[in-house]
Amino acid sequence: MDTPSIRSVLADGEVGARVTIEGWLRSARHSKGLSFLDVTDGSSMAGLQVVAPGELDNYDPEVRGLGTGAAVRVRGELVESPGKGQRVELRAQELEVVGDAADDYPLQKKRHSFEYLRTIAHLRPRTNTLAAVFRVRNVAARAIHRFFQERGFVWLHTPILTGADAEGAGELFEIEGGEAFFGRPTRLTVSGQLEAEIGALALRNVYAFGPTFRAENSNTSRHLAEFWMVEPEMAFCDLRGDTELAEAFLREVLTAILEECGEDMAFFDERIEKGVVASLEHIVKTPFEHMTYTEAVQRLEQSGEDFEHLVSWGADLQSEHERWLTETLVQKPLVVTDYPSAIKAFYMYANDDGRTVRAMDVLVPRIGEIVGGSQREHRHDVLAEKMKAQGLDLEEYGWYLELRRFGSVPHAGFGLGFERLVQFATGMANIRDVIPFPRVPGYAEF
RNA sequence: UCCCCGGUAGCUCAGCUGGUAGAGCAAGCGGCUGUUAACCGCUGGGUCGCAGGUUCGAGUCCUGCCCGGGGAGCCA
């Protein structure tokens, strides 16, 4: 705990300094009377090379017998490394085996499949890739809070247990015994948006950032039953302000990842997704493309592409359509606005044309939809009519309607899937590998 | 939930038109004072996902189920 991180030793350690480090062996190479140990503590992609000479009291058999996975504490002197691949190395004067690893330690130096690593989720953070993912995830979370805090947004802690049947969108996890305990049916939240609206109409600008749950039986590389969502909500704000915030938000968080995770991003670029760094750098520099849903449909119809699903005004854009728009047509993030009201949620602000709403989706290459947002319907009577038309229980949403009777103002917000953002930034193919403990249909181990 | 592909040693995989199981890595033992996924030698290690069926004989063919992956739908 008091010893310096390997990251700091690699960055600032001076030749001749006496240091003590603690970590786990990523690999061990033994030759006669000399061992090379690649030690990592998760603080950086690169490990520190420890050179253990045969003169150590416990060299034979203890040090010589060390293998991948063992935990060690090493005291020694930093020396210039005569070998290639590292600036300095630690010449051990004392090497304590804190925790040996049994010889059936499942991680090997060679590559494992991500499918296998998921079955050993208690050990996979020790791999280069997952450790890098979790470091990037942390930097992204910090950048998100910083982005909002610097702009005066209040982090509103919206509930995880909820009585609201929010949005009527998505299957909900029912709480067993919820009715007996709370006096009404309760579920795990699918969104903090409605509660965030409460916050925005008092504190002006707020954001929710926490876990969200969907009981959808969706089995894809982009869906989780438990995921983290970022949901800002702004009062006195329209759809334009909402998209401006989303664009600034994505740009700033991706910039932070590029600047603060250089070593990890270089690894992702080389081993996971070639060109991911260049694509992020491009996105950060270039303004996003904007078009209305109606324009998008026109472009798709004129594309000459042979889509599997028919393109027609009024139907939702399919994955293949979204991918063509963002990957082929504009080749950068694309903001699509003003969708048909029939395919969007009841709370979205109705445009004067009577058939579209002020909704926006941000589409990005590889992932598709990463942000979904809208200006909210703040006109009491319009909202009540839409709720009735969609068969919603006005009693149930009494408080939501009431917000429109007491100082209602135009307001807007969006939702962003945190794991999709991490997936996009790292190039990881499966969303299950960007969250420490994935929950998907049929699987909730660890 | 639907479509397609897969499941063989601890891991990654090979195994032809059916003839009774293999490699690399890992592990164990030994060798080598400077390695970088070290290298060299030896050794151990298998209910071929599960259950039926066809056959003289099934890892291989057929049926059902389970699990995993990719795609679709739903969405973030």
# chains A, B, ... in the order shown; residues from 1 in each chain; ligands from 1
call {"tool": "interface_residues", "arguments": {"of": "chain A", "to": "chain B", "cutoff": "9 Å", "atoms": "only C-alpha atoms (C1' of nucleotides)", "output": "PyMOL selection string"}}
result
chain A and resi 29-36+38+53+82-85+103-113+115-116+169-170+216-218+220+222-223+227-229+319+369-372+415-420
call {"tool": "residues_around", "arguments": {"residues": "G15 (chain B)", "least_positions_apart": "2", "cutoff": "10 Å", "atoms": "only C-alpha atoms (C1' of nucleotides)", "output": "ChimeraX atom specification"}}
result
/B:8,21-22,59-60
call {"tool": "write_last_selection", "arguments": {"atoms": "N, CA and C atoms (P, O5', C5', C4', C3', O3' and C1' of nucleotides)", "output": "PDB file, in the first residue's frame"}}
result
ATOM      1  P     U B   8     -14.232 -28.199 -27.026  1.00  0.00           P
ATOM      2  O5'   U B   8     -13.942 -29.639 -27.628  1.00  0.00           O
ATOM      3  C5'   U B   8     -14.318 -30.809 -26.927  1.00  0.00           C
ATOM      4  C4'   U B   8     -13.345 -31.921 -27.185  1.00  0.00           C
ATOM      5  C3'   U B   8     -11.897 -31.597 -26.852  1.00  0.00           C
ATOM      6  O3'   U B   8     -11.612 -31.732 -25.474  1.00  0.00           O
ATOM      7  C1'   U B   8     -11.992 -32.540 -28.994  1.00  0.00           C
ATOM      8  P     A B  21      -7.478 -44.074 -29.623  1.00  0.00           P
ATOM      9  O5'   A B  21      -7.426 -42.632 -30.279  1.00  0.00           O
ATOM     10  C5'   A B  21      -6.962 -42.463 -31.627  1.00  0.00           C
ATOM     11  C4'   A B  21      -6.425 -41.062 -31.755  1.00  0.00           C
ATOM     12  C3'   A B  21      -5.201 -40.826 -30.863  1.00  0.00           C
ATOM     13  O3'   A B  21      -4.087 -40.356 -31.576  1.00  0.00           O
ATOM     14  C1'   A B  21      -6.952 -39.231 -30.391  1.00  0.00           C
ATOM     15  P     G B  22      -2.650 -40.488 -30.922  1.00  0.00           P
ATOM     16  O5'   G B  22      -2.377 -38.945 -31.098  1.00  0.00           O
ATOM     17  C5'   G B  22      -1.208 -38.325 -30.899  1.00  0.00           C
ATOM     18  C4'   G B  22      -1.282 -37.037 -31.681  1.00  0.00           C
ATOM     19  C3'   G B  22      -0.742 -35.844 -30.931  1.00  0.00           C
ATOM     20  O3'   G B  22       0.668 -35.826 -30.940  1.00  0.00           O
ATOM     21  C1'   G B  22      -2.737 -35.251 -32.031  1.00  0.00           C
ATOM     22  P     G B  59     -16.015 -42.250 -31.034  1.00  0.00           P
ATOM     23  O5'   G B  59     -15.698 -40.696 -31.037  1.00  0.00           O
ATOM     24  C5'   G B  59     -16.584 -39.759 -30.416  1.00  0.00           C
ATOM     25  C4'   G B  59     -16.429 -38.403 -31.055  1.00  0.00           C
ATOM     26  C3'   G B  59     -17.024 -38.291 -32.459  1.00  0.00           C
ATOM     27  O3'   G B  59     -18.390 -37.941 -32.403  1.00  0.00           O
ATOM     28  C1'   G B  59     -14.808 -37.434 -32.442  1.00  0.00           C
ATOM     29  P     U B  60     -19.422 -38.517 -33.440  1.00  0.00           P
ATOM     30  O5'   U B  60     -18.860 -38.093 -34.874  1.00  0.00           O
ATOM     31  C5'   U B  60     -18.782 -36.726 -35.246  1.00  0.00           C
ATOM     32  C4'   U B  60     -18.120 -36.613 -36.598  1.00  0.00           C
ATOM     33  C3'   U B  60     -18.902 -37.274 -37.727  1.00  0.00           C
ATOM     34  O3'   U B  60     -18.888 -36.445 -38.875  1.00  0.00           O
ATOM     35  C1'   U B  60     -16.717 -38.196 -37.577  1.00  0.00           C
TER      36        U B  60
END
call {"tool": "residues_around", "arguments": {"residues": "Phe414 (chain A)", "least_positions_apart": "4", "cutoff": "6 Å", "atoms": "only C-alpha atoms (C1' of nucleotides)", "output": "list in words"}}
result
Glu231, Pro232, Gly372 and Gly373 of chain A
call {"tool": "select_by_dssp", "arguments": {"residues": "region 81-305 of chain A", "states": "alpha helix (DSSP H)", "output": "JSON, numbers by chain"}}
result
{"A": [114, 115, 116, 117, 118, 119, 128, 129, 130, 131, 132, 133, 134, 135, 136, 137, 138, 139, 140, 141, 142, 143, 144, 145, 146, 147, 148, 149, 150, 178, 179, 180, 181, 182, 193, 194, 195, 196, 197, 198, 199, 200, 201, 202, 203, 239, 240, 241, 242, 243, 244, 245, 246, 247, 248, 249, 250, 251, 252, 253, 254, 255, 256, 257, 258, 259, 260, 262, 263, 264, 265, 266, 267, 276, 277, 278, 279, 280, 281, 282, 283, 284, 285, 293, 294, 295, 296, 297, 298, 299, 300, 301]}
call {"tool": "select_by_dssp", "arguments": {"residues": "region 181-292 of chain A", "states": "strand (DSSP E or B)", "output": "compact mmCIF listing (two decimals) with all heavy atoms, in the first residue's frame"}}
result
# COMPACT_ATOMS: atom_id res chain seq x y z
N ARG A 187 -40.11 -2.18 -9.40
CA ARG A 187 -39.21 -2.77 -10.39
C ARG A 187 -37.83 -2.12 -10.27
O ARG A 187 -37.67 -1.11 -9.60
CB ARG A 187 -39.71 -2.49 -11.81
CG ARG A 187 -41.06 -3.05 -12.14
CD ARG A 187 -42.03 -1.93 -12.33
NE ARG A 187 -43.38 -2.46 -12.59
CZ ARG A 187 -44.47 -1.75 -12.50
NH1 ARG A 187 -44.42 -0.46 -12.18
NH2 ARG A 187 -45.63 -2.30 -12.71
N LEU A 188 -36.90 -2.69 -11.01
CA LEU A 188 -35.60 -2.05 -11.16
C LEU A 188 -35.74 -1.00 -12.26
O LEU A 188 -36.40 -1.23 -13.27
CB LEU A 188 -34.53 -3.07 -11.55
CG LEU A 188 -34.23 -4.15 -10.50
CD1 LEU A 188 -33.16 -5.10 -11.02
CD2 LEU A 188 -33.79 -3.52 -9.19
N ASN A 205 -29.89 22.40 -14.29
CA ASN A 205 -29.15 21.39 -15.03
C ASN A 205 -28.69 20.27 -14.10
O ASN A 205 -27.97 20.52 -13.14
CB ASN A 205 -27.92 22.02 -15.70
CG ASN A 205 -28.30 22.99 -16.80
OD1 ASN A 205 -29.38 22.88 -17.38
ND2 ASN A 205 -27.43 23.94 -17.07
N VAL A 206 -29.11 19.07 -14.40
CA VAL A 206 -28.75 17.93 -13.56
C VAL A 206 -28.32 16.77 -14.47
O VAL A 206 -28.52 16.80 -15.69
CB VAL A 206 -29.94 17.44 -12.69
CG1 VAL A 206 -30.43 18.56 -11.79
CG2 VAL A 206 -31.06 16.89 -13.55
N TYR A 207 -27.71 15.76 -13.86
CA TYR A 207 -27.45 14.53 -14.61
C TYR A 207 -27.53 13.35 -13.68
O TYR A 207 -27.25 13.45 -12.48
CB TYR A 207 -26.09 14.57 -15.31
CG TYR A 207 -24.87 14.56 -14.41
CD1 TYR A 207 -24.08 13.41 -14.30
CD2 TYR A 207 -24.50 15.68 -13.68
CE1 TYR A 207 -22.94 13.41 -13.50
CE2 TYR A 207 -23.37 15.68 -12.87
CZ TYR A 207 -22.59 14.53 -12.78
OH TYR A 207 -21.49 14.53 -11.97
N ALA A 208 -27.97 12.25 -14.25
CA ALA A 208 -27.98 10.98 -13.53
C ALA A 208 -26.87 10.13 -14.14
O ALA A 208 -26.61 10.20 -15.35
CB ALA A 208 -29.33 10.29 -13.69
N PHE A 209 -26.20 9.35 -13.32
CA PHE A 209 -25.16 8.45 -13.82
C PHE A 209 -25.13 7.26 -12.88
O PHE A 209 -24.63 7.36 -11.77
CB PHE A 209 -23.81 9.17 -13.85
CG PHE A 209 -22.66 8.35 -14.43
CD1 PHE A 209 -22.88 7.22 -15.20
CD2 PHE A 209 -21.34 8.73 -14.19
CE1 PHE A 209 -21.84 6.48 -15.72
CE2 PHE A 209 -20.28 7.99 -14.71
CZ PHE A 209 -20.53 6.87 -15.48
N GLY A 210 -25.69 6.16 -13.33
CA GLY A 210 -25.76 4.99 -12.46
C GLY A 210 -26.28 3.78 -13.21
O GLY A 210 -26.52 3.84 -14.41
N PRO A 211 -26.45 2.67 -12.49
CA PRO A 211 -26.89 1.44 -13.14
C PRO A 211 -28.36 1.46 -13.54
O PRO A 211 -29.17 2.11 -12.91
CB PRO A 211 -26.63 0.36 -12.09
CG PRO A 211 -26.59 1.09 -10.79
CD PRO A 211 -26.15 2.48 -11.07
N THR A 212 -28.65 0.77 -14.61
CA THR A 212 -29.97 0.70 -15.21
C THR A 212 -30.20 -0.75 -15.63
O THR A 212 -29.25 -1.47 -15.89
CB THR A 212 -30.00 1.61 -16.46
OG1 THR A 212 -29.51 2.89 -16.09
CG2 THR A 212 -31.38 1.75 -17.02
N PHE A 213 -31.47 -1.16 -15.67
CA PHE A 213 -31.76 -2.57 -15.89
C PHE A 213 -32.82 -2.78 -16.96
O PHE A 213 -33.83 -2.07 -16.96
CB PHE A 213 -32.22 -3.20 -14.57
CG PHE A 213 -31.29 -2.92 -13.42
CD1 PHE A 213 -31.41 -1.75 -12.68
CD2 PHE A 213 -30.26 -3.78 -13.12
CE1 PHE A 213 -30.54 -1.45 -11.64
CE2 PHE A 213 -29.37 -3.49 -12.09
CZ PHE A 213 -29.51 -2.33 -11.34
N GLU A 226 -27.88 -5.34 -17.24
CA GLU A 226 -27.50 -4.30 -16.28
C GLU A 226 -26.41 -3.47 -16.93
O GLU A 226 -25.38 -4.01 -17.33
CB GLU A 226 -26.97 -4.92 -14.99
CG GLU A 226 -26.48 -3.90 -13.97
CD GLU A 226 -25.91 -4.56 -12.73
OE1 GLU A 226 -26.67 -4.93 -11.84
OE2 GLU A 226 -24.68 -4.74 -12.67
N PHE A 227 -26.66 -2.18 -17.07
CA PHE A 227 -25.65 -1.31 -17.67
C PHE A 227 -25.74 0.06 -17.02
O PHE A 227 -26.69 0.36 -16.30
CB PHE A 227 -25.84 -1.21 -19.19
CG PHE A 227 -27.15 -0.58 -19.61
CD1 PHE A 227 -27.20 0.75 -20.01
CD2 PHE A 227 -28.31 -1.32 -19.63
CE1 PHE A 227 -28.40 1.33 -20.41
CE2 PHE A 227 -29.52 -0.74 -20.02
CZ PHE A 227 -29.57 0.58 -20.42
N TRP A 228 -24.72 0.86 -17.26
CA TRP A 228 -24.68 2.19 -16.66
C TRP A 228 -25.10 3.21 -17.70
O TRP A 228 -24.71 3.12 -18.86
CB TRP A 228 -23.28 2.51 -16.14
CG TRP A 228 -23.02 1.82 -14.83
CD1 TRP A 228 -23.10 0.48 -14.59
CD2 TRP A 228 -22.66 2.44 -13.60
NE1 TRP A 228 -22.81 0.22 -13.27
CE2 TRP A 228 -22.53 1.41 -12.64
CE3 TRP A 228 -22.43 3.76 -13.20
CZ2 TRP A 228 -22.18 1.66 -11.31
CZ3 TRP A 228 -22.07 4.00 -11.88
CH2 TRP A 228 -21.96 2.96 -10.95
N MET A 229 -25.91 4.17 -17.25
CA MET A 229 -26.41 5.16 -18.18
C MET A 229 -26.12 6.56 -17.66
O MET A 229 -26.17 6.81 -16.47
CB MET A 229 -27.91 4.96 -18.41
CG MET A 229 -28.42 5.71 -19.60
SD MET A 229 -29.74 4.85 -20.46
CE MET A 229 -31.03 4.86 -19.25
N VAL A 230 -25.80 7.44 -18.61
CA VAL A 230 -25.58 8.86 -18.32
C VAL A 230 -26.77 9.61 -18.86
O VAL A 230 -27.09 9.49 -20.04
CB VAL A 230 -24.29 9.36 -19.01
CG1 VAL A 230 -24.06 10.83 -18.69
CG2 VAL A 230 -23.10 8.52 -18.62
N GLU A 231 -27.46 10.38 -17.99
CA GLU A 231 -28.68 11.05 -18.43
C GLU A 231 -28.74 12.50 -17.93
O GLU A 231 -29.28 12.75 -16.87
CB GLU A 231 -29.90 10.28 -17.93
CG GLU A 231 -30.02 8.89 -18.53
CD GLU A 231 -31.18 8.11 -17.95
OE1 GLU A 231 -31.09 7.69 -16.78
OE2 GLU A 231 -32.19 7.95 -18.65
N PRO A 232 -28.20 13.43 -18.73
CA PRO A 232 -28.35 14.84 -18.36
C PRO A 232 -29.75 15.33 -18.70
O PRO A 232 -30.40 14.82 -19.62
CB PRO A 232 -27.30 15.54 -19.22
CG PRO A 232 -27.14 14.66 -20.40
CD PRO A 232 -27.37 13.26 -19.93
N GLU A 233 -30.19 16.32 -17.95
CA GLU A 233 -31.49 16.93 -18.21
C GLU A 233 -31.36 18.43 -17.94
O GLU A 233 -30.84 18.82 -16.89
CB GLU A 233 -32.55 16.31 -17.28
CG GLU A 233 -33.98 16.64 -17.65
CD GLU A 233 -34.44 15.94 -18.93
OE1 GLU A 233 -33.98 14.83 -19.22
OE2 GLU A 233 -35.28 16.53 -19.65
N MET A 234 -31.80 19.25 -18.91
CA MET A 234 -31.60 20.70 -18.80
C MET A 234 -32.90 21.45 -18.94
O MET A 234 -33.65 21.23 -19.90
CB MET A 234 -30.64 21.18 -19.90
CG MET A 234 -29.24 20.62 -19.76
SD MET A 234 -28.25 21.01 -21.22
CE MET A 234 -28.95 19.89 -22.42
N ALA A 235 -33.16 22.36 -18.01
CA ALA A 235 -34.34 23.23 -18.11
C ALA A 235 -34.00 24.44 -18.96
O ALA A 235 -32.82 24.79 -19.11
CB ALA A 235 -34.78 23.67 -16.72
N GLU A 289 -22.06 15.47 -38.16
CA GLU A 289 -23.02 15.72 -39.23
C GLU A 289 -24.42 15.77 -38.62
O GLU A 289 -24.69 15.10 -37.62
CB GLU A 289 -22.93 14.59 -40.25
CG GLU A 289 -23.48 14.90 -41.60
CD GLU A 289 -22.58 15.84 -42.40
OE1 GLU A 289 -21.33 15.78 -42.24
OE2 GLU A 289 -23.12 16.63 -43.17
N HIS A 290 -25.30 16.58 -39.21
CA HIS A 290 -26.68 16.66 -38.73
C HIS A 290 -27.63 16.46 -39.89
O HIS A 290 -27.39 16.97 -40.98
CB HIS A 290 -26.96 18.04 -38.12
CG HIS A 290 -26.19 18.30 -36.86
ND1 HIS A 290 -26.76 18.34 -35.61
CD2 HIS A 290 -24.86 18.52 -36.65
CE1 HIS A 290 -25.85 18.58 -34.70
NE2 HIS A 290 -24.68 18.70 -35.30
N MET A 291 -28.71 15.74 -39.67
CA MET A 291 -29.79 15.69 -40.66
C MET A 291 -31.07 15.26 -39.98
O MET A 291 -31.06 14.61 -38.93
CB MET A 291 -29.44 14.78 -41.85
CG MET A 291 -29.36 13.31 -41.58
SD MET A 291 -29.00 12.36 -43.10
CE MET A 291 -27.34 12.89 -43.50
N THR A 292 -32.18 15.65 -40.59
CA THR A 292 -33.46 15.22 -40.01
C THR A 292 -33.73 13.79 -40.45
O THR A 292 -33.15 13.28 -41.41
CB THR A 292 -34.62 16.11 -40.50
OG1 THR A 292 -34.76 15.92 -41.92
CG2 THR A 292 -34.36 17.57 -40.19
call {"tool": "residues_around", "arguments": {"residues": "region 25-28 of chain A", "least_positions_apart": "2", "cutoff": "8 Å", "atoms": "only C-alpha atoms (C1' of nucleotides)", "output": "ChimeraX atom specification"}}
result
/A:23,30,35-40,47,66-72,109
